[in-house]
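Listing of model_0.cif; format and content: mmCIF, N, CA and C atoms.
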data_work
#
loop_
_atom_site.label_atom_id
_atom_site.label_comp_id
_atom_site.auth_asym_id
_atom_site.auth_seq_id
_atom_site.Cartn_x
_atom_site.Cartn_y
_atom_site.Cartn_z
N MET A 192 41.71 124.43 87.11
CA MET A 192 43.14 124.46 87.27
C MET A 192 43.73 123.20 86.65
N ALA A 193 44.68 123.39 85.77
CA ALA A 193 45.30 122.25 85.07
C ALA A 193 46.25 121.52 85.99
N ALA A 194 46.25 120.21 85.85
CA ALA A 194 47.18 119.39 86.64
C ALA A 194 48.60 119.61 86.14
N LYS A 195 49.52 119.62 87.07
CA LYS A 195 50.93 119.80 86.71
C LYS A 195 51.43 118.52 86.05
N VAL A 196 52.05 118.67 84.90
CA VAL A 196 52.59 117.52 84.17
C VAL A 196 54.02 117.27 84.63
N GLU A 197 54.27 116.06 85.06
CA GLU A 197 55.62 115.68 85.49
C GLU A 197 56.57 115.74 84.29
N PRO A 198 57.84 116.10 84.51
CA PRO A 198 58.79 116.11 83.41
C PRO A 198 59.00 114.69 82.86
N PHE A 199 59.41 114.61 81.61
CA PHE A 199 59.51 113.32 80.92
C PHE A 199 60.36 112.30 81.67
N TRP A 200 61.43 112.74 82.32
CA TRP A 200 62.31 111.79 82.99
C TRP A 200 61.68 111.19 84.26
N LYS A 201 60.61 111.81 84.74
CA LYS A 201 59.90 111.28 85.90
C LYS A 201 58.73 110.39 85.49
N ARG A 202 58.18 110.63 84.31
CA ARG A 202 57.00 109.87 83.92
C ARG A 202 57.27 108.78 82.89
N LYS A 203 58.48 108.76 82.32
CA LYS A 203 58.79 107.74 81.32
C LYS A 203 60.01 106.94 81.76
N PRO A 204 59.98 105.64 81.55
CA PRO A 204 61.22 104.88 81.77
C PRO A 204 62.22 105.21 80.67
N LEU A 205 63.50 105.03 80.94
CA LEU A 205 64.54 105.35 79.96
C LEU A 205 64.26 104.73 78.59
N ALA A 206 63.77 103.51 78.57
CA ALA A 206 63.53 102.80 77.31
C ALA A 206 62.46 103.46 76.45
N GLN A 207 61.64 104.33 77.03
CA GLN A 207 60.58 104.98 76.27
C GLN A 207 60.93 106.40 75.82
N LEU A 208 62.12 106.86 76.16
CA LEU A 208 62.52 108.21 75.75
C LEU A 208 62.80 108.24 74.26
N ASP A 209 62.40 109.34 73.61
CA ASP A 209 62.78 109.50 72.21
C ASP A 209 64.22 110.02 72.17
N GLN A 210 64.79 110.10 70.99
CA GLN A 210 66.20 110.46 70.86
C GLN A 210 66.50 111.84 71.44
N ASP A 211 65.62 112.80 71.20
CA ASP A 211 65.84 114.16 71.72
C ASP A 211 65.79 114.17 73.25
N GLU A 212 64.84 113.43 73.83
CA GLU A 212 64.76 113.37 75.29
C GLU A 212 66.01 112.70 75.86
N TRP A 213 66.42 111.60 75.22
CA TRP A 213 67.61 110.87 75.68
C TRP A 213 68.83 111.78 75.67
N GLU A 214 69.08 112.43 74.55
CA GLU A 214 70.24 113.31 74.43
C GLU A 214 70.16 114.48 75.40
N SER A 215 68.95 114.99 75.66
CA SER A 215 68.81 116.15 76.55
C SER A 215 69.15 115.81 78.00
N LEU A 216 69.12 114.52 78.35
CA LEU A 216 69.50 114.15 79.72
C LEU A 216 70.97 114.40 79.99
N CYS A 217 71.79 114.35 78.96
CA CYS A 217 73.22 114.61 79.15
C CYS A 217 73.40 116.01 79.73
N ASP A 218 74.10 116.08 80.85
CA ASP A 218 74.29 117.38 81.50
C ASP A 218 75.51 118.13 81.00
N GLY A 219 76.30 117.50 80.14
CA GLY A 219 77.47 118.17 79.57
C GLY A 219 78.66 118.22 80.49
N CYS A 220 78.70 117.34 81.49
CA CYS A 220 79.83 117.36 82.43
C CYS A 220 81.10 116.77 81.81
N GLY A 221 80.94 115.85 80.85
CA GLY A 221 82.10 115.24 80.20
C GLY A 221 82.78 114.16 81.02
N LEU A 222 82.28 113.86 82.21
CA LEU A 222 82.95 112.89 83.07
C LEU A 222 82.99 111.49 82.44
N CYS A 223 81.97 111.15 81.65
CA CYS A 223 81.98 109.83 81.03
C CYS A 223 83.08 109.73 79.98
N CYS A 224 83.60 110.86 79.54
CA CYS A 224 84.66 110.88 78.52
C CYS A 224 86.05 110.95 79.13
N LEU A 225 86.14 110.88 80.44
CA LEU A 225 87.45 110.83 81.09
C LEU A 225 87.94 109.40 81.07
N GLN A 226 89.24 109.24 80.98
CA GLN A 226 89.82 107.89 81.01
C GLN A 226 89.65 107.32 82.41
N LYS A 227 89.37 106.04 82.43
CA LYS A 227 89.15 105.36 83.70
C LYS A 227 90.11 104.20 83.84
N LEU A 228 90.46 103.90 85.07
CA LEU A 228 91.32 102.76 85.37
C LEU A 228 90.54 101.81 86.27
N GLU A 229 90.67 100.52 86.02
CA GLU A 229 89.99 99.53 86.83
C GLU A 229 90.99 98.85 87.76
N ASP A 230 90.63 98.77 89.04
CA ASP A 230 91.45 98.08 90.01
C ASP A 230 91.24 96.58 89.80
N GLU A 231 92.30 95.88 89.43
CA GLU A 231 92.17 94.46 89.13
C GLU A 231 91.82 93.63 90.36
N GLU A 232 92.13 94.12 91.55
CA GLU A 232 91.85 93.37 92.77
C GLU A 232 90.38 93.45 93.18
N ASP A 233 89.81 94.67 93.19
CA ASP A 233 88.43 94.78 93.67
C ASP A 233 87.43 95.19 92.59
N GLY A 234 87.90 95.40 91.36
CA GLY A 234 87.02 95.76 90.26
C GLY A 234 86.56 97.20 90.28
N GLY A 235 87.06 98.01 91.23
CA GLY A 235 86.68 99.41 91.32
C GLY A 235 87.11 100.19 90.08
N VAL A 236 86.29 101.15 89.68
CA VAL A 236 86.60 101.99 88.53
C VAL A 236 86.97 103.38 89.04
N TYR A 237 88.15 103.83 88.65
CA TYR A 237 88.66 105.13 89.08
C TYR A 237 88.74 106.08 87.89
N TYR A 238 88.18 107.25 88.07
CA TYR A 238 88.23 108.28 87.04
C TYR A 238 89.55 109.03 87.15
N THR A 239 90.08 109.38 86.00
CA THR A 239 91.28 110.22 85.96
C THR A 239 90.88 111.60 85.45
N ARG A 240 91.80 112.51 85.49
CA ARG A 240 91.61 113.86 84.95
C ARG A 240 92.02 113.90 83.46
N ILE A 241 92.23 112.71 82.88
CA ILE A 241 92.67 112.59 81.49
C ILE A 241 91.46 112.40 80.58
N ALA A 242 91.27 113.32 79.66
CA ALA A 242 90.10 113.30 78.78
C ALA A 242 90.40 112.59 77.46
N CYS A 243 89.36 111.99 76.90
CA CYS A 243 89.43 111.43 75.56
C CYS A 243 89.96 112.50 74.61
N LYS A 244 90.68 112.06 73.61
CA LYS A 244 91.27 113.01 72.65
C LYS A 244 90.24 113.86 71.93
N LEU A 245 88.97 113.41 71.88
CA LEU A 245 87.93 114.17 71.19
C LEU A 245 87.20 115.16 72.09
N LEU A 246 87.43 115.08 73.39
CA LEU A 246 86.70 115.96 74.30
C LEU A 246 87.32 117.35 74.35
N ASP A 247 86.50 118.36 74.17
CA ASP A 247 86.94 119.74 74.35
C ASP A 247 87.05 119.94 75.86
N THR A 248 88.24 120.21 76.35
CA THR A 248 88.49 120.24 77.79
C THR A 248 87.92 121.48 78.49
N THR A 249 87.39 122.41 77.74
CA THR A 249 86.73 123.58 78.33
C THR A 249 85.21 123.43 78.30
N SER A 250 84.65 123.12 77.12
CA SER A 250 83.19 122.99 77.01
C SER A 250 82.68 121.64 77.50
N CYS A 251 83.58 120.65 77.60
CA CYS A 251 83.23 119.28 78.02
C CYS A 251 82.29 118.61 77.02
N ARG A 252 82.40 118.98 75.78
CA ARG A 252 81.59 118.38 74.71
C ARG A 252 82.51 117.70 73.71
N CYS A 253 82.01 116.63 73.12
CA CYS A 253 82.77 115.91 72.11
C CYS A 253 82.91 116.78 70.87
N THR A 254 84.11 116.82 70.32
CA THR A 254 84.36 117.66 69.14
C THR A 254 83.89 117.01 67.85
N ASP A 255 83.55 115.71 67.89
CA ASP A 255 83.04 115.01 66.71
C ASP A 255 82.06 113.93 67.14
N TYR A 256 81.02 114.35 67.86
CA TYR A 256 80.08 113.40 68.47
C TYR A 256 79.49 112.43 67.45
N ALA A 257 79.06 112.94 66.31
CA ALA A 257 78.40 112.09 65.31
C ALA A 257 79.32 110.98 64.79
N ASN A 258 80.61 111.25 64.74
CA ASN A 258 81.57 110.28 64.18
C ASN A 258 82.54 109.74 65.21
N ARG A 259 82.24 109.92 66.48
CA ARG A 259 83.20 109.59 67.54
C ARG A 259 83.67 108.14 67.51
N ARG A 260 82.80 107.22 67.17
CA ARG A 260 83.19 105.81 67.20
C ARG A 260 84.14 105.45 66.07
N ALA A 261 84.18 106.25 65.03
CA ALA A 261 85.15 106.03 63.96
C ALA A 261 86.55 106.40 64.44
N HIS A 262 86.63 107.41 65.31
CA HIS A 262 87.92 107.87 65.84
C HIS A 262 88.31 107.16 67.12
N VAL A 263 87.31 106.78 67.91
CA VAL A 263 87.54 106.11 69.21
C VAL A 263 86.63 104.87 69.24
N PRO A 264 87.11 103.77 68.64
CA PRO A 264 86.28 102.58 68.51
C PRO A 264 85.72 102.04 69.83
N ASP A 265 86.41 102.26 70.94
CA ASP A 265 85.90 101.75 72.21
C ASP A 265 85.06 102.79 72.98
N CYS A 266 84.66 103.86 72.29
CA CYS A 266 83.76 104.85 72.91
C CYS A 266 82.47 104.13 73.27
N ILE A 267 82.03 104.30 74.50
CA ILE A 267 80.84 103.60 74.98
C ILE A 267 79.59 104.38 74.60
N GLN A 268 78.68 103.70 73.94
CA GLN A 268 77.39 104.27 73.58
C GLN A 268 76.40 103.92 74.69
N LEU A 269 75.95 104.92 75.43
CA LEU A 269 74.97 104.67 76.49
C LEU A 269 73.61 104.39 75.86
N THR A 270 72.99 103.32 76.30
CA THR A 270 71.64 103.00 75.83
C THR A 270 70.78 102.60 77.03
N ALA A 271 69.48 102.77 76.87
CA ALA A 271 68.56 102.41 77.95
C ALA A 271 68.63 100.93 78.26
N ALA A 272 68.93 100.11 77.28
CA ALA A 272 69.01 98.66 77.49
C ALA A 272 70.11 98.28 78.47
N GLU A 273 71.09 99.16 78.64
CA GLU A 273 72.22 98.89 79.53
C GLU A 273 72.15 99.68 80.82
N ALA A 274 70.98 100.22 81.14
CA ALA A 274 70.84 101.09 82.32
C ALA A 274 71.26 100.40 83.61
N ASP A 275 71.12 99.09 83.68
CA ASP A 275 71.52 98.38 84.89
C ASP A 275 73.03 98.35 85.07
N GLN A 276 73.76 98.74 84.04
CA GLN A 276 75.22 98.76 84.10
C GLN A 276 75.78 100.17 84.31
N PHE A 277 74.94 101.14 84.59
CA PHE A 277 75.36 102.54 84.70
C PHE A 277 76.10 102.85 86.00
N LYS A 278 76.38 101.88 86.83
CA LYS A 278 77.06 102.13 88.11
C LYS A 278 78.44 102.74 87.93
N TRP A 279 79.05 102.56 86.77
CA TRP A 279 80.36 103.13 86.52
C TRP A 279 80.28 104.63 86.23
N LEU A 280 79.08 105.12 85.91
CA LEU A 280 78.91 106.55 85.68
C LEU A 280 78.98 107.29 87.00
N PRO A 281 79.38 108.55 86.97
CA PRO A 281 79.45 109.30 88.24
C PRO A 281 78.06 109.41 88.87
N PRO A 282 77.99 109.51 90.19
CA PRO A 282 76.70 109.56 90.87
C PRO A 282 75.87 110.79 90.52
N THR A 283 76.46 111.78 89.88
CA THR A 283 75.75 112.99 89.47
C THR A 283 75.13 112.86 88.08
N CYS A 284 75.47 111.79 87.35
CA CYS A 284 75.04 111.63 85.96
C CYS A 284 73.53 111.45 85.87
N ALA A 285 72.88 112.22 85.01
CA ALA A 285 71.43 112.15 84.85
C ALA A 285 70.98 110.77 84.38
N TYR A 286 71.74 110.14 83.50
CA TYR A 286 71.36 108.80 83.03
C TYR A 286 71.33 107.83 84.21
N ARG A 287 72.34 107.89 85.03
CA ARG A 287 72.40 107.01 86.20
C ARG A 287 71.28 107.35 87.19
N LEU A 288 71.09 108.63 87.47
CA LEU A 288 70.06 109.05 88.42
C LEU A 288 68.68 108.58 87.98
N VAL A 289 68.34 108.80 86.71
CA VAL A 289 67.03 108.40 86.22
C VAL A 289 66.90 106.87 86.23
N ALA A 290 67.96 106.17 85.85
CA ALA A 290 67.94 104.71 85.88
C ALA A 290 67.70 104.19 87.29
N GLU A 291 68.16 104.93 88.30
CA GLU A 291 68.00 104.54 89.70
C GLU A 291 66.70 105.08 90.31
N GLY A 292 65.87 105.73 89.48
CA GLY A 292 64.60 106.26 89.97
C GLY A 292 64.73 107.56 90.75
N LYS A 293 65.84 108.26 90.58
CA LYS A 293 66.07 109.52 91.30
C LYS A 293 65.81 110.71 90.39
N ASP A 294 65.70 111.88 90.98
CA ASP A 294 65.47 113.10 90.21
C ASP A 294 66.81 113.72 89.80
N LEU A 295 66.73 114.63 88.84
CA LEU A 295 67.92 115.36 88.41
C LEU A 295 68.33 116.34 89.50
N LEU A 296 69.59 116.71 89.48
CA LEU A 296 70.13 117.62 90.50
C LEU A 296 69.84 119.07 90.12
N PRO A 297 69.83 119.97 91.10
CA PRO A 297 69.40 121.36 90.87
C PRO A 297 70.17 122.09 89.77
N TRP A 298 71.43 121.76 89.56
CA TRP A 298 72.23 122.45 88.55
C TRP A 298 72.02 121.87 87.15
N HIS A 299 71.28 120.79 87.00
CA HIS A 299 71.07 120.19 85.67
C HIS A 299 70.29 121.18 84.80
N HIS A 300 70.69 121.32 83.55
CA HIS A 300 70.08 122.33 82.67
C HIS A 300 68.58 122.12 82.47
N LEU A 301 68.08 120.89 82.58
CA LEU A 301 66.63 120.67 82.45
C LEU A 301 65.88 121.17 83.70
N ILE A 302 66.58 121.36 84.79
CA ILE A 302 65.97 121.89 86.02
C ILE A 302 66.14 123.40 86.09
N CYS A 303 67.37 123.87 85.91
CA CYS A 303 67.65 125.30 86.11
C CYS A 303 67.62 126.14 84.83
N GLY A 304 67.66 125.47 83.66
CA GLY A 304 67.61 126.20 82.40
C GLY A 304 68.94 126.73 81.90
N ASP A 305 70.00 126.49 82.63
CA ASP A 305 71.32 127.02 82.26
C ASP A 305 72.30 125.89 81.94
N PRO A 306 72.65 125.70 80.66
CA PRO A 306 73.57 124.63 80.31
C PRO A 306 74.99 124.81 80.86
N GLU A 307 75.30 126.00 81.34
CA GLU A 307 76.62 126.25 81.92
C GLU A 307 76.65 125.99 83.43
N ALA A 308 75.51 125.73 84.03
CA ALA A 308 75.44 125.54 85.48
C ALA A 308 76.27 124.34 85.94
N VAL A 309 76.39 123.33 85.11
CA VAL A 309 77.20 122.15 85.45
C VAL A 309 78.66 122.55 85.70
N HIS A 310 79.12 123.56 84.98
CA HIS A 310 80.49 124.04 85.17
C HIS A 310 80.57 124.95 86.41
N GLY A 311 79.57 125.81 86.57
CA GLY A 311 79.54 126.70 87.73
C GLY A 311 79.48 125.93 89.05
N ALA A 312 78.79 124.79 89.02
CA ALA A 312 78.69 123.95 90.21
C ALA A 312 79.94 123.07 90.39
N ARG A 313 80.86 123.18 89.46
CA ARG A 313 82.13 122.42 89.47
C ARG A 313 81.91 120.91 89.46
N ILE A 314 80.82 120.50 88.81
CA ILE A 314 80.56 119.08 88.60
C ILE A 314 81.47 118.59 87.47
N SER A 315 81.58 119.38 86.43
CA SER A 315 82.46 119.03 85.32
C SER A 315 83.92 119.29 85.72
N GLN A 316 84.79 118.80 84.89
CA GLN A 316 86.22 119.06 85.08
C GLN A 316 86.70 120.14 84.10
N SER A 317 85.78 120.98 83.65
CA SER A 317 86.11 122.04 82.70
C SER A 317 87.32 122.84 83.17
N GLY A 318 88.32 122.92 82.32
CA GLY A 318 89.53 123.67 82.63
C GLY A 318 90.46 122.95 83.59
N ARG A 319 90.09 121.76 84.05
CA ARG A 319 90.91 121.02 85.01
C ARG A 319 91.36 119.66 84.48
N MET A 320 91.16 119.42 83.18
CA MET A 320 91.57 118.14 82.60
C MET A 320 92.66 118.33 81.58
N LEU A 321 93.27 117.21 81.25
CA LEU A 321 94.28 117.17 80.20
C LEU A 321 93.81 116.20 79.14
N SER A 322 94.18 116.45 77.90
CA SER A 322 93.85 115.51 76.83
C SER A 322 94.75 114.29 76.93
N GLU A 323 94.22 113.14 76.54
CA GLU A 323 95.02 111.92 76.56
C GLU A 323 96.25 112.04 75.65
N THR A 324 96.22 113.00 74.74
CA THR A 324 97.38 113.21 73.87
C THR A 324 98.53 113.90 74.61
N GLN A 325 98.25 114.42 75.82
CA GLN A 325 99.26 115.15 76.59
C GLN A 325 99.93 114.32 77.68
N VAL A 326 99.36 113.13 77.98
CA VAL A 326 99.86 112.35 79.10
C VAL A 326 100.09 110.90 78.66
N ALA A 327 101.26 110.38 78.94
CA ALA A 327 101.55 108.98 78.62
C ALA A 327 100.63 108.07 79.42
N GLU A 328 100.13 107.03 78.79
CA GLU A 328 99.18 106.13 79.46
C GLU A 328 99.75 105.55 80.75
N ASP A 329 101.03 105.31 80.79
CA ASP A 329 101.67 104.77 81.99
C ASP A 329 101.58 105.74 83.18
N ASP A 330 101.32 107.02 82.90
CA ASP A 330 101.25 108.03 83.96
C ASP A 330 99.82 108.36 84.40
N TRP A 331 98.82 107.74 83.83
CA TRP A 331 97.42 108.06 84.13
C TRP A 331 97.11 107.90 85.60
N GLU A 332 97.73 106.96 86.27
CA GLU A 332 97.49 106.75 87.70
C GLU A 332 97.76 108.00 88.52
N ASP A 333 98.65 108.85 88.04
CA ASP A 333 99.00 110.08 88.74
C ASP A 333 97.87 111.12 88.69
N TYR A 334 96.83 110.85 87.92
CA TYR A 334 95.75 111.82 87.70
C TYR A 334 94.39 111.32 88.17
N LEU A 335 94.36 110.39 89.13
CA LEU A 335 93.10 109.88 89.65
C LEU A 335 92.35 110.98 90.39
N ILE A 336 91.01 111.03 90.21
CA ILE A 336 90.23 112.05 90.90
C ILE A 336 89.12 111.47 91.78
N PHE A 337 88.49 110.35 91.39
CA PHE A 337 87.49 109.72 92.25
C PHE A 337 87.18 108.32 91.78
N ARG A 338 86.56 107.58 92.67
CA ARG A 338 86.14 106.21 92.37
C ARG A 338 84.65 106.21 92.09
N ALA A 339 84.24 105.53 91.03
CA ALA A 339 82.80 105.43 90.69
C ALA A 339 82.15 104.40 91.61
N GLY A 340 80.84 104.54 91.74
CA GLY A 340 80.08 103.51 92.48
C GLY A 340 79.93 103.78 93.86
#

Write the structure described by the file as structure tokens, please.
Amino acid sequence: MAAKVEPFWKRKPLAQLDQDEWESLCDGCGLCCLQKLEDEEDGGVYYTRIACKLLDTTSCRCTDYANRRAHVPDCIQLTAAEADQFKWLPPTCAYRLVAEGKDLLPWHHLICGDPEAVHGARISQSGRMLSETQVAEDDWEDYLIFRAG
């Protein structure tokens, strides 16, 4: 009887993942692409329902992922070297979970096999967000949805 092989995210540290493994951890929720506001008093990071102009608000995928930094210079590139800083990511994020030594959640496509499960579980904001082109920046506070961390 062959021994069961643990999935890559359980047996490899983030720094040892190849590019395909790294990218596959993304659950497609799009939450990292929502605009965030920082509370200047306590440093808390609050997510809004306002999406980056490049995010498809239904599929929760970037419409120009390969060139996103040319269009959005402050787009954050997640890397394993910065895993200790992932606290701003939502607690459901696979990158954050793996960095914290936790397993992926049942609706994650690498667990259940369904890339749409993130939407069915209502983890994503699919169909519930607005593009940043639709809302004045001064009004973003009106669209807060949760605090990270």

Using only N, CA and C atoms, which residues of region 211-250 of chain A come within 7 Å of region 303-309 of chain A, and what is the closest atom pair for each, with the distance in Å to one decimal? Give it as a tab-separated table, sorted by chain and residue number.
residue	atom	partner	partner_atom	distance
A:Asp218	C	A:Val309	CA	6.2
A:Gly219	C	A:Val309	CA	6.5
A:Cys220	CA	A:Val309	CA	6.2

For the residues in that selection, give me N, CA and C atoms as a compact mmCIF listing (two decimals), in the frame of the given file.
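This went into out.txt:
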# COMPACT_ATOMS: atom_id res chain seq x y z
N ASP A 218 74.10 116.08 80.85
CA ASP A 218 74.29 117.38 81.50
C ASP A 218 75.51 118.13 81.00
N GLY A 219 76.30 117.50 80.14
CA GLY A 219 77.47 118.17 79.57
C GLY A 219 78.66 118.22 80.49
N CYS A 220 78.70 117.34 81.49
CA CYS A 220 79.83 117.36 82.43
C CYS A 220 81.10 116.77 81.81

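Here the PyMOL selection byres (((chain A and resi 247-254 and name CA) around 8) and name CA) captures the residues A:Gly219, A:Cys220, A:Gly221, A:Ala242, A:Leu245, A:Leu246, A:Asp255, A:Tyr256, A:Arg259, A:Ser315, A:Gln316, A:Ser317, A:Gly318, A:Arg319, A:Met320, A:Leu321, A:Ser322.
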
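Between atom N of Cys243 (chain A) and atom C of Lys278 (chain A) there is a distance of 18.1 Å.
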
## Note on the structure
In Å and to one decimal, atom C of Thr270 (chain A) is distant from CA of Tyr334 (chain A) by 28.7 Å

### Query
atom N of Glu291 (chain A) and CA of Ala271 (chain A) are how many Å apart?
10.7 Å

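Look at Trp331 (chain A): the protein and nucleic acid residues within 10 Å of it, using only C-alpha atoms and passing over chain neighbours fewer than 2 places away, are Gln226, Lys227, Leu228, Tyr238, Thr239, Arg240, Ile241, Glu323, Val326, Ala327, Glu328, Asp329, Asp333, Tyr334 and Leu335 of chain A.
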
### Message
At a cut-off of 9 Å, using only C-alpha atoms, what residues contact Ile267 (chain A)? Leave out same-chain residues fewer than 5 positions from it and give the result as a ChimeraX atom specification.
### Response
/A:223-224,260

### Picked from region 198-263 of chain A by DSSP as strand (DSSP E), as number ranges by chain
A: 225-229, 236-242

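Nearest residue to Val236 (chain A), choosing from A:Leu301, A:Arg287, A:Trp279, A:Glu332 and counting only N, CA and C atoms: A:Trp279.
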
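Take the candidates A:Ala257, A:Cys284, A:Ala290, A:Leu222 and check each one against Pro204 (chain A) using only C-alpha atoms; the shortest distance goes to A:Ala290.
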
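Of the residues under consideration (A:Asn258, A:Cys266, A:Pro282, A:His300), A:His300 shows the shortest atom-to-atom contact distance to Leu216 (chain A) when counting all atoms listed in the file.
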